[in-house]
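Q: First, the structure itself, so that you have it in front of you.
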Amino acid sequence: MEQAKLILFLVLFSAFVIMAHSYDTTSTRRNLGKKYKGPCISYNPVDQCWRCRPDWAEHRQHLAECSQGFGHNATGGRDGPIYVVVDPSDDDVTDPKPGTLRHAVIQKGPLWITFKKSMKIKLKQELMIQSDKTIDGRGANVHIAEGAGFMIQFVRNVIITNLNFHDIKRCNGGTIRDSVDHLGTRATSDGDAIQIFGSSTIWIDHLSMKKAADGLIDVVSGSNDITISNCHFTDHGKVLLFGASDSDSRDKSMHVTVAYSHFGKRLSQRMPRCRWGFFHLVNNDYTHWQMYAIGGSKGATIISQGNRFIAPPDPNFKQVTHRNDATPDEWKKWTWRSEGDLMMNGAFMIESGNPDWAKGYHDYQLIKPLPATEVGKITKFSGTLSCKKGKAC
């Protein structure tokens with residue numbers, strides 16, 4: 001009898017250990033669907049700059065003081081008037097209707113673009129955005145969905161914040177107005193939610209993104225000084241692409257920061273996939289991937305600091321990194337470093353290159369990493385925020 005009790009105890013204890021282990025590796029993958037209902041709290045420097053101010057709506061342009069990383073100089077439309085989008089339609093891409101998003105983004109000079117109400121905007125063609133623009137979805141529930149995505153091409157100084165992107169399609173192209181005094185002809189779009197092409201000083205913050213025909217965010221063709229922060233990515237294969245071609249050496253000058261973001265459910269790879277440039281990944285939460293998290297080629301420098309990586313159950317895909325089209329003798333020269341990262345559920349990164357890389361980059365605008373053990377808090381409010389005027393976000 002006593003032996004039977006002992007066996008029962010051991011069975012129950014073993015089950016408890018297994019459940020505890022499961023909690024450590026899977027429940028830490030967090031359910032962002034649970035809405036926080038307490039007082040305003042913020043855990044990263046970008047959010048601490050503005051989110052808990054109840055007067056944020058009266059001082060929207062203060063957000064321009066809050067960027068970090070390589071895109072820290074982005075001011076967007078801070079120095080211009082506020083333009084309020086009142087109409088979600090996109091019926092005429094050659095002569096956009098006043099009050100629409102397309103009409104707003106083609107104007108010359110700085111504009112801070114907001115939304116009068118919640119809306120879904122189905123873009124007929126790519127949205128061509130001019131320099132010195134902020135697209136600010138705070139205070140409304142704005143979805144860019146079921147049509148084309150945003151194109152930031154040969155411009156500078158753009159901020160995009162608090163928008164939902166999903167179900168982005170390839171579009172056939174044609175004649176599109178890209179400024180108030182110019183019509184251009186576009187080929188079939190790639191189907192990216194956001195493409196940054198030959199542009200600089202761009203800040204993307206607090207976006208929720210999933211399900212695009214191609215990438216969620218592509219940064220290509222000599223683009224530089226980009227920050228992507230506080231974003232939430234789900235339901236996609238190839239998430240972020242930095243540098244589109246092994247033959248496009250313009251991207252040697254590319255500098256991109258990815259910070260405080262959550263790479264969530266049903267993602268496969270490219271978080272990001274990098275070529276040529278310098279990429280700083282800091283305090284992100286990688287809770288799901290199917291193939292790998294971070295990949296690259298062509299001598300890309302990748303510095304991973306204070307991130308949390310929770311590997312998938314499949315033992316074949318525990319490695320965080322993936323090096324493309326290179327022999328070990330070649331990729332061992334690439335500087336890929338992991339500093340202060342938290343590896344969970346068997347996750348591991350194979351480092352390479354110069355362990356003293358920082359000596360050559362002391363003048364760079366690098367975000368100082370917070371402890372990786374705090375990443376769950378740091379990224380707790382990634383994605384779009386439910387902001388209401390007169391209340392902290």
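By convention here, the chains of the structure tokens are called A, B, ... in the order presented, each chain's residues are numbered starting at 1, and ligands are numbered starting at 1 in the order presented.
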At a cut-off of 9 Å, using only C-alpha atoms, what residues contact range 88-90 of chain A? Leave out same-chain residues fewer than 6 positions from it and give the result as a list in words.

A: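 Returned residues: Pro96, Lys97, Gly99, Thr100, Leu101, Arg102, Met119, Lys120, Ile121, Lys122, Leu123, Lys124 and Gln125 of chain A.
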
Q: Can you tell me, as JSON, numbers by chain, which residues in range 144-378 of chain A count as helix (DSSP H, G or I) by DSSP?

A: {"A": [249, 250, 251, 252, 253, 315, 316, 317, 328, 329, 330, 331, 357, 358, 359, 360, 372, 373, 374, 375, 376, 377, 378]}

Q: I'd like to know which residues of range 211-369 of chain A are strand (DSSP E or B) (by DSSP, run on the backbone); could you write them as a ChimeraX atom specification?

A: /A:211-212,217-220,224-229,232-234,236-238,240-242,255-259,262-263,267-269,273-275,278-282,285-286,294-297,301-305,308-310,319,321-323,336-339,342-344,348,352

Q: Which one of A:Ala311, A:Leu63, A:Val93, A:Met151 sits closest to Asp47 in chain A if you count only C-alpha atoms?

A: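 Among A:Ala311, A:Leu63, A:Val93, A:Met151, it is A:Leu63 that comes nearest to Asp47 in chain A.
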
Q: Just checking: using only C-alpha atoms, which residue out of A:Gly390, A:Pro81, A:Gly277, A:Gly109 ends up closest to Asp248 in chain A?

A: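 Residue with the minimum atom-to-atom distance to Asp248 in chain A: A:Gly277.
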
Q: Considering only C-alpha atoms, can you say which of A:Ile113, A:Ala145, A:Ile135, A:Ile196 comes closest to Ala213 in chain A?

A: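 Distance minimum relative to Ala213 in chain A lands on A:Ala145.
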
Q: Find the spatial neighbours of Arg273 in chain A, counting only C-alpha atoms, within a cut-off of 6 Å - ignore same-chain residues fewer than 2 positions away - and output them as a VMD selection string.

A: chain A and resid 241 270 294 to 296

Q: Limited to N, CA and C atoms, could you put the picked residues into a file as a PDB file, in the first residue's frame?

A:
```
ATOM      1  N   LEU A 241      13.138  42.474 -43.987  1.00  0.00           N
ATOM      2  CA  LEU A 241      14.261  42.347 -44.918  1.00  0.00           C
ATOM      3  C   LEU A 241      15.035  43.652 -44.942  1.00  0.00           C
ATOM      4  N   ARG A 270      13.335  35.558 -40.846  1.00  0.00           N
ATOM      5  CA  ARG A 270      13.674  36.944 -41.191  1.00  0.00           C
ATOM      6  C   ARG A 270      13.172  37.943 -40.153  1.00  0.00           C
ATOM      7  N   ILE A 294      17.159  35.257 -36.849  1.00  0.00           N
ATOM      8  CA  ILE A 294      18.014  36.292 -37.431  1.00  0.00           C
ATOM      9  C   ILE A 294      18.894  35.666 -38.508  1.00  0.00           C
ATOM     10  N   GLY A 295      18.868  36.220 -39.703  1.00  0.00           N
ATOM     11  CA  GLY A 295      19.675  35.697 -40.792  1.00  0.00           C
ATOM     12  C   GLY A 295      20.413  36.807 -41.513  1.00  0.00           C
ATOM     13  N   GLY A 296      21.375  36.403 -42.358  1.00  0.00           N
ATOM     14  CA  GLY A 296      22.092  37.426 -43.105  1.00  0.00           C
ATOM     15  C   GLY A 296      23.144  36.881 -44.026  1.00  0.00           C
TER      16      GLY A 296
END
```

Q: Hey, can you check how far CA of Phe263 in chain A sits from CA of Leu281 in chain A?

A: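 Between CA of Phe263 in chain A and CA of Leu281 in chain A the gap works out to 12.1 Å.
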
Q: Considering only C-alpha atoms, return as a list of chain:residue names whatever protein or nucleic-acid residues lie within 8 Å of Asn354 in chain A, sequence-local ones (same chain, fewer than 2 positions apart) excluded.

A: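 Counting only the stated atoms, we get A:Lys333, A:Trp334, A:Thr335, A:Ser352, A:Asp356, A:Trp357.
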
Q: Pick out the closest residue to Leu207 in chain A from this set: A:Tyr364, A:Trp276, A:Phe165, A:Trp50. Count only C-alpha atoms.

A: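 That would be A:Phe165, the residue with the smallest distance to Leu207 in chain A.
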
Q: Could I get the residues of range 277-327 of chain A with an atom no further than 9 Å from an atom of range 338-351 of chain A, each paired with its nearest atom pair and that distance in Å to one decimal, using only C-alpha atoms, sorted by chain and residue number, as CSV?

A:
```
residue,atom,partner,partner_atom,distance
A:Asn283,CA,A:Asp341,CA,8.4
A:Ile302,CA,A:Ser338,CA,8.7
A:Ile303,CA,A:Ser338,CA,6.4
A:Ser304,CA,A:Ser338,CA,4.9
A:Gln305,CA,A:Glu339,CA,4.8
A:Gly306,CA,A:Asp341,CA,4.5
A:Asn307,CA,A:Asp341,CA,4.8
A:Arg308,CA,A:Leu342,CA,4.7
A:Phe309,CA,A:Met343,CA,5.1
A:Ile310,CA,A:Met344,CA,4.7
A:Ala311,CA,A:Ala347,CA,4.8
A:Pro312,CA,A:Asn345,CA,7.4
A:Pro313,CA,A:Asn345,CA,7.7
A:Pro315,CA,A:Gly346,CA,8.3
A:Phe317,CA,A:Ala347,CA,8.5
A:Lys318,CA,A:Ala347,CA,4.8
A:Gln319,CA,A:Phe348,CA,5.0
A:Val320,CA,A:Met349,CA,5.2
A:Thr321,CA,A:Met349,CA,5.8
A:His322,CA,A:Ile350,CA,8.9
```

Q: Looking at A:Lys211, A:Gly222, A:Arg250, A:Lys133, which one is nearest to Arg266 in chain A, with distances taken over only C-alpha atoms?

A: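 Checking each of A:Lys211, A:Gly222, A:Arg250, A:Lys133 against Arg266 in chain A, counting only C-alpha atoms, the winner is A:Lys211.
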
Q: Excluding Glu58 in chain A and its own-chain neighbours fewer than 4 positions away, which residues fall within 12 Å of it when counting only C-alpha atoms? Please give them as a ChimeraX atom specification.

A: /A:50,53-54,62-63,82,138-139,388-392

Q: Which neighbours of Gly69 in chain A fall inside 7 Å, counting only C-alpha atoms, when residues of the same chain fewer than 5 positions from it are skipped, and could you give them as a PyMOL selection string?

A: chain A and resi 227+257+365-367

Q: For the residues selected in the previous step, produce a file with all heavy atoms as a CSV table (one decimal), in the first residue's frame.

A:
```
chain,number,residue,atom,x,y,z
A,227,THR,N,14.8,53.4,-37.5
A,227,THR,CA,14.5,52.8,-36.2
A,227,THR,C,13.1,52.2,-36.3
A,227,THR,O,12.2,52.8,-36.8
A,227,THR,CB,14.5,53.8,-35.0
A,227,THR,OG1,15.8,54.2,-34.8
A,227,THR,CG2,14.0,53.1,-33.8
A,257,THR,N,18.1,50.1,-36.5
A,257,THR,CA,17.8,49.7,-35.1
A,257,THR,C,16.4,49.0,-35.0
A,257,THR,O,15.5,49.5,-35.5
A,257,THR,CB,17.8,50.9,-34.1
A,257,THR,OG1,19.0,51.6,-34.2
A,257,THR,CG2,17.5,50.4,-32.7
A,365,GLN,N,24.8,55.9,-32.7
A,365,GLN,CA,23.6,56.1,-31.8
A,365,GLN,C,23.0,54.8,-31.4
A,365,GLN,O,22.0,54.3,-32.0
A,365,GLN,CB,22.6,57.0,-32.6
A,365,GLN,CG,23.1,58.4,-32.8
A,365,GLN,CD,23.3,59.2,-31.6
A,365,GLN,OE1,22.6,59.0,-30.6
A,365,GLN,NE2,24.2,60.2,-31.6
A,366,LEU,N,23.7,54.1,-30.5
A,366,LEU,CA,23.2,52.8,-30.1
A,366,LEU,C,22.4,52.9,-28.8
A,366,LEU,O,22.8,53.6,-27.8
A,366,LEU,CB,24.4,51.8,-29.8
A,366,LEU,CG,25.3,51.6,-31.0
A,366,LEU,CD1,26.4,50.6,-30.7
A,366,LEU,CD2,24.5,51.0,-32.2
A,367,ILE,N,21.2,52.2,-28.8
A,367,ILE,CA,20.4,52.2,-27.6
A,367,ILE,C,21.1,51.3,-26.5
A,367,ILE,O,21.6,50.2,-26.8
A,367,ILE,CB,19.0,51.6,-27.9
A,367,ILE,CG1,18.3,52.5,-28.8
A,367,ILE,CG2,18.2,51.4,-26.6
A,367,ILE,CD1,16.9,52.0,-29.3
```

Q: To one decimal place, how far is CA of Ala104 in chain A from CA of Gln130 in chain A in Å?

A: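 Taking CA of Ala104 in chain A as the start and CA of Gln130 in chain A as the end point, the length is 9.3 Å.
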